[in-house]
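Enquirer: I am sharing protein_21.csv, which consists of CSV, C-alpha atoms and all ligand atoms:
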```
chain,number,residue,atom,x,y,z
Q,87,MET,CA,96.7,102.4,105.6
Q,88,GLY,CA,96.1,99.1,103.7
Q,89,TRP,CA,96.5,95.6,104.9
Q,90,MET,CA,99.8,95.3,103.2
Q,91,ALA,CA,101.3,98.0,105.4
Q,92,LYS,CA,100.0,96.4,108.5
Q,93,SER,CA,101.2,93.0,107.4
Q,94,ALA,CA,104.7,94.3,106.6
Q,95,SER,CA,104.8,96.1,109.9
Q,96,ALA,CA,103.9,93.0,111.8
Q,97,VAL,CA,106.5,91.0,109.8
Q,98,ALA,CA,109.1,93.6,110.6
Q,99,VAL,CA,108.3,93.3,114.3
Q,100,ALA,CA,108.3,89.6,114.1
Q,101,ALA,CA,111.7,89.7,112.5
Q,102,LEU,CA,113.0,92.2,115.1
Q,103,LEU,CA,111.7,90.2,118.0
Q,104,GLY,CA,112.8,86.9,116.5
Q,105,SER,CA,109.4,85.5,117.6
Q,106,CYS,CA,108.3,83.8,114.4
Q,107,SER,CA,108.8,83.7,110.7
Q,108,ALA,CA,106.0,85.1,108.6
Q,109,THR,CA,105.0,85.7,105.0
Q,110,ARG,CA,105.1,89.3,103.7
Q,111,ASP,CA,103.3,90.4,100.6
Q,112,GLY,CA,105.3,88.7,97.8
Q,113,GLY,CA,105.6,85.5,99.7
Q,114,ARG,CA,109.1,86.0,101.2
Q,115,VAL,CA,109.6,84.3,104.6
Q,116,LEU,CA,111.8,86.0,107.1
Q,117,ASP,CA,114.3,84.0,108.9
Q,118,ARG,CA,114.0,84.5,112.6
Q,119,ASN,CA,117.5,83.3,113.2
Q,120,ARG,CA,119.2,86.1,111.4
Q,121,PRO,CA,119.7,89.8,112.2
Q,122,LEU,CA,117.8,92.7,110.6
Q,123,ARG,CA,119.1,93.3,107.1
Q,124,VAL,CA,119.4,96.9,105.8
Q,125,VAL,CA,120.1,97.6,102.1
Q,126,LEU,CA,121.8,101.0,101.6
Q,127,ASP,CA,121.1,102.3,98.1
Q,128,VAL,CA,123.8,104.7,96.8
Q,129,GLY,CA,121.6,107.4,95.2
Q,130,HIS,CA,122.1,108.3,91.5
Q,131,PHE,CA,124.9,106.9,89.3
Q,132,SER,CA,128.4,107.5,88.2
Q,133,ARG,CA,128.6,109.6,85.0
Q,134,GLY,CA,132.3,108.9,84.6
Q,135,ASP,CA,134.0,111.3,82.2
Q,136,SER,CA,130.8,112.1,80.3
Q,137,ALA,CA,129.1,115.5,80.4
Q,138,PRO,CA,126.3,116.1,82.9
Q,139,ILE,CA,123.4,113.7,82.4
Q,140,LYS,CA,119.8,113.9,83.5
Q,141,GLY,CA,119.3,112.0,86.7
Q,142,GLN,CA,122.9,112.2,87.9
Q,143,GLY,CA,121.9,114.2,90.9
Q,144,MET,CA,123.2,117.5,92.2
Q,145,VAL,CA,126.8,118.8,92.1
Q,146,SER,CA,128.2,120.2,95.3
Q,147,ALA,CA,129.4,123.8,95.8
Q,148,ARG,CA,133.0,122.6,95.2
Q,149,GLY,CA,132.1,120.5,92.2
Q,150,VAL,CA,131.7,117.0,93.6
Q,151,ASP,CA,129.1,114.8,92.0
Q,152,GLU,CA,126.3,113.7,94.3
Q,153,PHE,CA,126.9,110.0,93.5
Q,154,VAL,CA,130.5,110.3,94.9
Q,155,LEU,CA,129.2,111.9,98.2
Q,156,ASN,CA,126.4,109.3,98.4
Q,157,ARG,CA,128.7,106.4,98.0
Q,158,LYS,CA,131.1,107.6,100.7
Q,159,ALA,CA,128.1,108.2,103.0
Q,160,ALA,CA,126.5,104.9,102.4
Q,161,LYS,CA,129.7,103.0,103.1
Q,162,ALA,CA,130.2,105.0,106.4
Q,163,ILE,CA,126.6,104.3,107.4
Q,164,ALA,CA,127.1,100.6,106.6
Q,165,ARG,CA,130.1,100.4,108.9
Q,166,ALA,CA,128.2,102.2,111.7
Q,167,LEU,CA,125.2,100.0,111.3
Q,168,ARG,CA,127.3,96.8,111.5
Q,169,ASP,CA,129.3,98.2,114.5
Q,170,SER,CA,126.8,99.9,116.6
Q,171,ALA,CA,123.3,98.7,115.6
Q,172,GLY,CA,124.3,95.1,115.2
Q,173,VAL,CA,122.5,94.7,111.9
Q,174,GLU,CA,123.5,93.4,108.5
Q,175,ALA,CA,124.2,96.2,106.0
Q,176,ILE,CA,124.5,95.8,102.3
Q,177,VAL,CA,125.5,98.6,100.0
Q,178,HIS,CA,123.8,98.6,96.6
Q,179,ASN,CA,125.0,100.5,93.5
Q,180,GLU,CA,128.5,101.0,94.8
Q,181,ASP,CA,129.8,100.8,91.3
Q,182,GLY,CA,127.4,103.5,90.1
Q,183,THR,CA,125.9,101.6,87.2
Q,184,GLU,CA,122.3,101.5,88.5
Q,185,ARG,CA,120.2,103.9,86.5
Q,186,ASP,CA,116.7,102.5,87.1
Q,187,LEU,CA,115.0,104.0,90.2
Q,188,ARG,CA,112.4,101.3,90.6
Q,189,SER,CA,114.8,98.4,90.2
Q,190,ARG,CA,116.7,99.6,93.3
Q,191,PRO,CA,114.1,98.5,95.9
Q,192,ARG,CA,113.3,95.5,93.7
Q,193,LYS,CA,116.9,94.3,94.0
Q,194,ALA,CA,116.8,95.1,97.7
Q,195,LEU,CA,113.9,92.7,98.0
Q,196,GLU,CA,115.9,90.1,96.2
Q,197,GLN,CA,118.7,90.6,98.7
Q,198,GLY,CA,116.3,89.9,101.5
Q,199,ALA,CA,116.2,93.5,102.8
Q,200,ASP,CA,114.1,94.2,105.9
Q,201,LEU,CA,114.8,97.9,105.5
Q,202,PHE,CA,115.7,100.0,102.5
Q,203,LEU,CA,117.6,103.3,102.9
Q,204,SER,CA,118.4,105.4,99.8
Q,205,ILE,CA,121.3,107.8,100.5
Q,206,HIS,CA,121.4,111.3,99.0
Q,207,HIS,CA,122.7,114.8,99.4
Q,208,ASP,CA,120.4,117.7,98.9
Q,209,ALA,CA,120.4,120.7,96.6
Q,210,VAL,CA,118.2,123.9,96.8
Q,211,ASP,CA,115.8,125.6,94.5
Q,212,SER,CA,117.7,127.7,91.9
Q,213,SER,CA,115.9,130.8,93.1
Q,214,VAL,CA,118.0,130.8,96.4
Q,215,ALA,CA,121.3,129.7,94.8
Q,216,SER,CA,124.2,132.1,94.0
Q,217,ARG,CA,127.3,131.8,91.9
Q,218,TRP,CA,130.9,131.7,93.0
Q,219,THR,CA,134.2,130.6,91.5
Q,220,TYR,CA,136.0,127.7,93.0
Q,221,GLN,CA,139.4,126.6,91.7
Q,222,GLY,CA,138.8,128.6,88.5
Q,223,VAL,CA,135.3,127.2,87.8
Q,224,GLU,CA,132.1,129.1,88.3
Q,225,ARG,CA,129.7,127.0,90.4
Q,226,LEU,CA,126.4,127.3,92.3
Q,227,HIS,CA,126.2,127.5,96.1
Q,228,CYS,CA,123.7,128.4,98.8
Q,229,ASP,CA,124.8,129.2,102.3
Q,230,THR,CA,121.3,130.0,103.7
Q,231,VAL,CA,119.9,126.5,103.5
Q,232,SER,CA,121.3,123.5,105.4
Q,233,GLY,CA,120.5,120.3,107.3
Q,234,PHE,CA,119.2,116.8,106.8
Q,235,SER,CA,115.8,115.5,105.8
Q,236,LEU,CA,114.2,112.1,105.9
Q,237,TRP,CA,111.5,111.2,103.3
Q,238,VAL,CA,108.8,108.5,103.5
Q,239,HIS,CA,105.6,107.7,101.6
Q,240,ASP,CA,102.4,106.2,102.8
Q,241,SER,CA,102.1,103.9,99.8
Q,242,THR,CA,105.3,102.1,100.8
Q,243,VAL,CA,104.8,98.6,102.3
Q,244,GLY,CA,105.6,99.0,106.0
Q,245,TYR,CA,104.9,102.7,106.1
Q,246,PRO,CA,104.1,103.0,109.8
Q,247,ALA,CA,107.4,101.3,110.6
Q,248,ALA,CA,109.2,103.6,108.1
Q,249,LEU,CA,107.7,106.7,109.6
Q,250,ALA,CA,108.6,105.6,113.2
Q,251,LEU,CA,112.2,104.8,112.0
Q,252,ALA,CA,112.5,108.2,110.3
Q,253,ARG,CA,111.4,109.9,113.5
Q,254,SER,CA,113.9,107.8,115.5
Q,255,ILE,CA,116.8,108.7,113.1
Q,256,GLY,CA,115.7,112.4,113.1
Q,257,ARG,CA,115.7,112.4,116.9
Q,258,SER,CA,119.1,110.9,117.1
Q,259,LEU,CA,120.5,113.4,114.5
Q,260,VAL,CA,119.0,116.3,116.4
Q,261,GLU,CA,120.4,115.1,119.7
Q,262,GLY,CA,123.8,115.0,118.0
Q,263,GLY,CA,123.5,118.6,117.0
Q,264,ARG,CA,122.4,118.3,113.4
Q,265,ARG,CA,119.5,120.4,112.2
Q,266,PRO,CA,116.6,119.5,110.0
Q,267,ASN,CA,116.3,121.2,106.6
Q,268,LEU,CA,113.0,123.0,106.5
Q,269,HIS,CA,113.6,124.5,103.0
Q,270,HIS,CA,111.2,121.9,101.5
Q,271,ALA,CA,108.5,122.9,104.0
Q,272,ARG,CA,107.8,126.2,102.1
Q,273,PRO,CA,104.3,126.5,100.8
Q,274,GLU,CA,105.4,126.5,97.1
Q,275,GLU,CA,106.9,123.0,97.6
Q,276,ARG,CA,103.4,121.6,98.5
Q,277,ALA,CA,102.6,121.9,94.7
Q,278,LEU,CA,105.5,119.5,94.1
Q,279,GLY,CA,103.9,116.9,96.4
Q,280,ARG,CA,106.3,117.6,99.3
Q,281,GLU,CA,104.7,117.7,102.7
Q,282,ILE,CA,106.4,118.2,106.0
Q,283,LEU,CA,105.3,115.6,108.6
Q,284,ASP,CA,107.5,116.5,111.5
Q,285,SER,CA,109.4,119.8,111.3
Q,286,ALA,CA,111.3,119.1,114.6
Q,287,LEU,CA,112.8,115.9,113.2
Q,288,GLY,CA,113.0,116.8,109.5
Q,289,VAL,CA,110.5,114.1,108.2
Q,290,TYR,CA,108.7,114.7,104.9
Q,291,ARG,CA,106.3,112.8,102.7
Q,292,ASN,CA,106.7,112.6,99.0
Q,293,ASN,CA,105.8,110.0,96.3
Q,294,LEU,CA,109.4,109.4,95.3
Q,295,ALA,CA,109.8,106.6,92.8
Q,296,VAL,CA,112.4,104.9,94.9
Q,297,LEU,CA,110.0,104.8,97.8
Q,298,VAL,CA,106.6,104.0,96.3
Q,299,SER,CA,107.9,100.8,94.7
Q,300,ALA,CA,109.6,99.5,97.8
Q,301,GLN,CA,108.2,96.3,99.3
Q,302,MET,CA,109.7,96.9,102.7
Q,303,PRO,CA,109.9,99.9,105.1
Q,304,ALA,CA,111.9,102.5,103.1
Q,305,ILE,CA,113.4,105.9,103.8
Q,306,LEU,CA,115.2,108.4,101.5
Q,307,VAL,CA,117.9,110.1,103.5
Q,308,GLU,CA,119.2,113.5,102.5
Q,309,CYS,CA,122.4,113.7,104.6
Q,310,GLY,CA,122.6,117.5,104.2
Q,311,VAL,CA,122.8,120.3,101.7
Q,312,ALA,CA,126.0,120.0,99.7
Q,313,LEU,CA,125.4,123.3,98.0
Q,314,ASN,CA,126.0,125.0,101.4
Q,315,ARG,CA,129.8,125.6,101.5
Q,316,GLU,CA,130.2,125.2,105.2
Q,317,GLU,CA,128.0,122.2,105.4
Q,318,GLU,CA,129.8,120.6,102.5
Q,319,LEU,CA,133.0,120.7,104.4
Q,320,VAL,CA,131.4,118.6,107.2
Q,321,LEU,CA,129.5,116.3,104.9
Q,322,ASP,CA,132.6,115.6,102.8
Q,323,SER,CA,134.9,114.9,105.6
Q,324,ASP,CA,135.7,111.5,107.1
Q,325,SER,CA,134.9,112.7,110.7
Q,326,GLY,CA,131.6,114.4,109.6
Q,327,ARG,CA,130.5,111.4,107.7
Q,328,ALA,CA,131.4,109.0,110.5
Q,329,GLU,CA,129.5,111.1,113.1
Q,330,PHE,CA,126.4,111.4,110.9
Q,331,ALA,CA,126.6,107.6,110.3
Q,332,ARG,CA,126.9,106.9,114.1
Q,333,ARG,CA,123.9,109.1,114.8
Q,334,LEU,CA,121.9,107.4,112.1
Q,335,ALA,CA,122.8,103.9,113.4
Q,336,ARG,CA,121.9,105.0,116.9
Q,337,GLY,CA,118.4,106.0,115.6
Q,338,VAL,CA,118.1,102.5,113.9
Q,339,ARG,CA,119.1,100.8,117.1
Q,340,ALA,CA,116.6,102.8,119.2
Q,341,TRP,CA,113.9,101.8,116.7
Q,342,ILE,CA,114.9,98.2,116.9
Q,343,SER,CA,114.9,98.1,120.7
Q,344,ASP,CA,111.6,99.8,121.1
Q,345,ASP,CA,108.8,97.5,120.1
Q,346,SER,CA,106.2,100.3,120.0
Q,347,LEU,CA,108.5,102.3,117.6
Q,348,ALA,CA,109.0,99.3,115.4
Q,349,ARG,CA,105.2,98.8,115.2
Q,350,GLY,CA,104.9,102.4,114.1
Q,351,ARG,CA,102.8,103.7,117.0
Q,401,ZN,ZN,119.8,112.8,95.2
```
Turn this file's structure into structure tokens for me.
Ligand SMILES: [Zn+2]

Expert:
Amino acid sequence: MGWMAKSASAVAVAALLGSCSATRDGGRVLDRNRPLRVVLDVGHFSRGDSAPIKGQGMVSARGVDEFVLNRKAAKAIARALRDSAGVEAIVHNEDGTERDLRSRPRKALEQGADLFLSIHHDAVDSSVASRWTYQGVERLHCDTVSGFSLWVHDSTVGYPAALALARSIGRSLVEGGRRPNLHHARPEERALGREILDSALGVYRNNLAVLVSAQMPAILVECGVALNREEELVLDSDSGRAEFARRLARGVRAWISDDSLARGR
């Protein structure tokens, strides 16, 4: 844990408590008179009418692009954060034109983000996927893997705070009946740099580009497995999205209100 992480954690706590303003790495000064600002990054991008493109993300069991699911989820989470956690929430990449992974947290910094949450939906390894036909089109699905996961990396500025926040969100989701996805905890995924940190709460470590370049506590949120046909129906419904968002916001609120959690202890 470097000094930058400690510094950012202290800054985050200062901002949460409103006790003083302070300088974070990069020279930004937090305004103690404003609420916590969360930037929600809509993962991937819109491919429009073009053929599938590298980096566009997964396609759900029923053929919905991940970007479309991510945008709906990010907007629901933004609403829930504003309503129930009392924070400022900004949705980034709503128009789907952002293709640069590292510019996402950079733009979040420019927007004064105290927290950065990148919103995604998960796929599975092709070895466990099957084929089916939906509305006349053959597609992939996997009904044996499901659940959310929360990804952090220890090179991110503010890592202790991010890890504590991930656990707080995971705890809230589990209390709400959601289950963590342990598919990525398989031994073969270690070779891909994926390491399970908390199997009960679905928290993983990985050096994802969108995380390692963040200059504030950052988490990548996999809302669920959209290749699971049953889970997709929940993930891609207004009620399922709203409930997930409320649970996530509750986790953020618990983290904010608990000083020891915000410090990453
Ligand atoms: Zn994704």

Enquirer: Could the residues that lie within 8 Å of ligand ZN 401 (chain Q), counting only C-alpha atoms and all ligand atoms, be listed as a tab-separated table (two decimals) with C-alpha atoms, keeping the file's coordinate frame?

Expert:
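Once written, result-v8.tsv looks like this:
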```tsv
chain	number	residue	atom	x	y	z
Q	129	GLY	CA	121.60	107.40	95.20
Q	130	HIS	CA	122.10	108.30	91.50
Q	142	GLN	CA	122.90	112.20	87.90
Q	143	GLY	CA	121.90	114.20	90.90
Q	144	MET	CA	123.20	117.50	92.20
Q	152	GLU	CA	126.30	113.70	94.30
Q	153	PHE	CA	126.90	110.00	93.50
Q	205	ILE	CA	121.30	107.80	100.50
Q	206	HIS	CA	121.40	111.30	99.00
Q	207	HIS	CA	122.70	114.80	99.40
Q	208	ASP	CA	120.40	117.70	98.90
Q	308	GLU	CA	119.20	113.50	102.50
```

Enquirer: Which is closer to Arg225 in chain Q than all the others in Q:Val145, Q:Val311, Q:Leu287, Q:Ala271, using only C-alpha atoms?

Expert: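 Closest residue, counting only C-alpha atoms: Q:Val145.
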
Enquirer: Which of these residues is nearest to Gln221 in chain Q, using all atoms listed in the file: Q:Arg120, Q:Arg148, Q:Arg253, Q:Arg333?

Expert: Q:Arg148

Enquirer: Quick check, in Å to one decimal: how far apart do CA of Val243 in chain Q and CA of Gln301 in chain Q lie?

Expert: 5.1 Å

Enquirer: Check the smallest atom-to-atom distance from each of Q:Ala252, Q:Val260, Q:Cys309, Q:Ala162 to Leu283 in chain Q using all atoms listed in the file, then report the winner.

Expert: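 Among Q:Ala252, Q:Val260, Q:Cys309, Q:Ala162, it is Q:Ala252 that comes nearest to Leu283 in chain Q.
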
Enquirer: Within 8 Å of Ala171 in chain Q, counting only C-alpha atoms, which residues show up once you throw out same-chain ones fewer than 5 positions away? Write them as an MDAnalysis selection string, please.

Expert: chainID Q and resid 166 335:336 338:339

Enquirer: How about saving the chosen residues, C-alpha atoms kept, as an mmCIF file, in the coordinates of the input?

Expert:
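After the write, again08.cif holds the following:
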```
data_model
loop_
_atom_site.group_PDB
_atom_site.id
_atom_site.type_symbol
_atom_site.label_atom_id
_atom_site.label_comp_id
_atom_site.auth_asym_id
_atom_site.auth_seq_id
_atom_site.Cartn_x
_atom_site.Cartn_y
_atom_site.Cartn_z
ATOM 1 C CA ALA Q 166 128.200 102.200 111.700
ATOM 2 C CA ALA Q 335 122.800 103.900 113.400
ATOM 3 C CA ARG Q 336 121.900 105.000 116.900
ATOM 4 C CA VAL Q 338 118.100 102.500 113.900
ATOM 5 C CA ARG Q 339 119.100 100.800 117.100
#
```

Enquirer: Find the spatial neighbours of Ala215 in chain Q, counting only C-alpha atoms, within a cut-off of 7 Å - ignore same-chain residues fewer than 6 positions away - and output them as a list in words.

Expert: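 Listing them by chain and then by number gives Leu226, His227 and Cys228 of chain Q.
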
Enquirer: Pick the closest to Asp186 in chain Q from Q:Tyr220, Q:Trp237, Q:Phe202, Q:Phe131: which is it, counting only C-alpha atoms?

Expert: Q:Phe131

Enquirer: Smallest atom-to-atom distance to Arg190 in chain Q: which of Q:Ala300, Q:Val320, Q:Leu334, Q:Val307, using all atoms listed in the file?

Expert: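 Among the listed residues, Q:Ala300 lies closest to Arg190 in chain Q.
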
Enquirer: Find the residue from Q:Glu261, Q:Glu329, Q:Asp240, Q:Asp135 that sits nearest to Arg291 in chain Q; use all atoms listed in the file when measuring.

Expert: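 The shortest atom-to-atom distance to Arg291 in chain Q comes from Q:Asp240.
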
Enquirer: Taking 5 positions as the minimum chain separation for residues in the same chain, which residues sit within 8 Å of Asn314 in chain Q when counting all atoms listed in the file? Answer as a ChimeraX atom specification.

Expert: /Q:147,227-232

Enquirer: Write out as a ChimeraX atom specification which residues come within 9 Å of Ala331 in chain Q when counting all atoms listed in the file, dropping same-chain ones fewer than 5 positions away.

Expert: /Q:159-160,162-167,326,336

Enquirer: Could you save those same residues with C-alpha atoms as a compact mmCIF listing (two decimals), keeping the file's coordinate frame?

Expert:
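New file selection.txt:
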```
# COMPACT_ATOMS: atom_id res chain seq x y z
CA ALA Q 159 128.10 108.20 103.00
CA ALA Q 160 126.50 104.90 102.40
CA ALA Q 162 130.20 105.00 106.40
CA ILE Q 163 126.60 104.30 107.40
CA ALA Q 164 127.10 100.60 106.60
CA ARG Q 165 130.10 100.40 108.90
CA ALA Q 166 128.20 102.20 111.70
CA LEU Q 167 125.20 100.00 111.30
CA GLY Q 326 131.60 114.40 109.60
CA ARG Q 336 121.90 105.00 116.90
```

Enquirer: To one decimal place, how far is CA of Glu317 in chain Q from CA of Gly233 in chain Q in Å?

Expert: 8.0 Å

Enquirer: To one decimal place in Å, what is the distance between CA of Asn179 in chain Q and CA of Ser132 in chain Q?

Expert: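 Result for CA of Asn179 in chain Q versus CA of Ser132 in chain Q: 9.4 Å, one decimal.
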
Enquirer: Take range 225-239 of chain Q, model N, CA and C atoms, and hand the result over as an mmCIF file, in the coordinates of the input.

Expert:
```cif
data_model
loop_
_atom_site.group_PDB
_atom_site.id
_atom_site.type_symbol
_atom_site.label_atom_id
_atom_site.label_comp_id
_atom_site.auth_asym_id
_atom_site.auth_seq_id
_atom_site.Cartn_x
_atom_site.Cartn_y
_atom_site.Cartn_z
ATOM 1 N N ARG Q 225 130.587 128.030 89.920
ATOM 2 C CA ARG Q 225 129.700 127.000 90.400
ATOM 3 C C ARG Q 225 128.540 127.652 91.213
ATOM 4 N N LEU Q 226 127.503 126.841 91.500
ATOM 5 C CA LEU Q 226 126.400 127.300 92.300
ATOM 6 C C LEU Q 226 126.681 127.008 93.801
ATOM 7 N N HIS Q 227 126.157 127.839 94.680
ATOM 8 C CA HIS Q 227 126.200 127.500 96.100
ATOM 9 C C HIS Q 227 125.014 128.191 96.774
ATOM 10 N N CYS Q 228 124.731 127.801 98.003
ATOM 11 C CA CYS Q 228 123.700 128.400 98.800
ATOM 12 C C CYS Q 228 124.024 128.229 100.268
ATOM 13 N N ASP Q 229 124.359 129.318 100.938
ATOM 14 C CA ASP Q 229 124.800 129.200 102.300
ATOM 15 C C ASP Q 229 123.642 129.458 103.325
ATOM 16 N N THR Q 230 122.439 129.701 102.805
ATOM 17 C CA THR Q 230 121.300 130.000 103.700
ATOM 18 C C THR Q 230 120.438 128.792 103.989
ATOM 19 N N VAL Q 231 120.683 127.682 103.320
ATOM 20 C CA VAL Q 231 119.900 126.500 103.500
ATOM 21 C C VAL Q 231 120.860 125.351 103.954
ATOM 22 N N SER Q 232 120.471 124.594 104.977
ATOM 23 C CA SER Q 232 121.300 123.500 105.400
ATOM 24 C C SER Q 232 120.487 122.467 106.154
ATOM 25 N N GLY Q 233 121.097 121.345 106.462
ATOM 26 C CA GLY Q 233 120.500 120.300 107.300
ATOM 27 C C GLY Q 233 119.999 119.091 106.574
ATOM 28 N N PHE Q 234 119.658 118.098 107.376
ATOM 29 C CA PHE Q 234 119.200 116.800 106.800
ATOM 30 C C PHE Q 234 117.719 116.780 106.643
ATOM 31 N N SER Q 235 117.248 115.808 105.871
ATOM 32 C CA SER Q 235 115.800 115.500 105.800
ATOM 33 C C SER Q 235 115.615 114.047 105.519
ATOM 34 N N LEU Q 236 114.464 113.542 105.945
ATOM 35 C CA LEU Q 236 114.200 112.100 105.900
ATOM 36 C C LEU Q 236 112.793 111.975 105.206
ATOM 37 N N TRP Q 237 112.724 111.185 104.132
ATOM 38 C CA TRP Q 237 111.500 111.200 103.300
ATOM 39 C C TRP Q 237 110.888 109.777 103.301
ATOM 40 N N VAL Q 238 109.582 109.783 103.461
ATOM 41 C CA VAL Q 238 108.800 108.500 103.500
ATOM 42 C C VAL Q 238 107.588 108.728 102.583
ATOM 43 N N HIS Q 239 106.896 107.623 102.285
ATOM 44 C CA HIS Q 239 105.600 107.700 101.600
ATOM 45 C C HIS Q 239 104.664 106.664 102.040
#
```
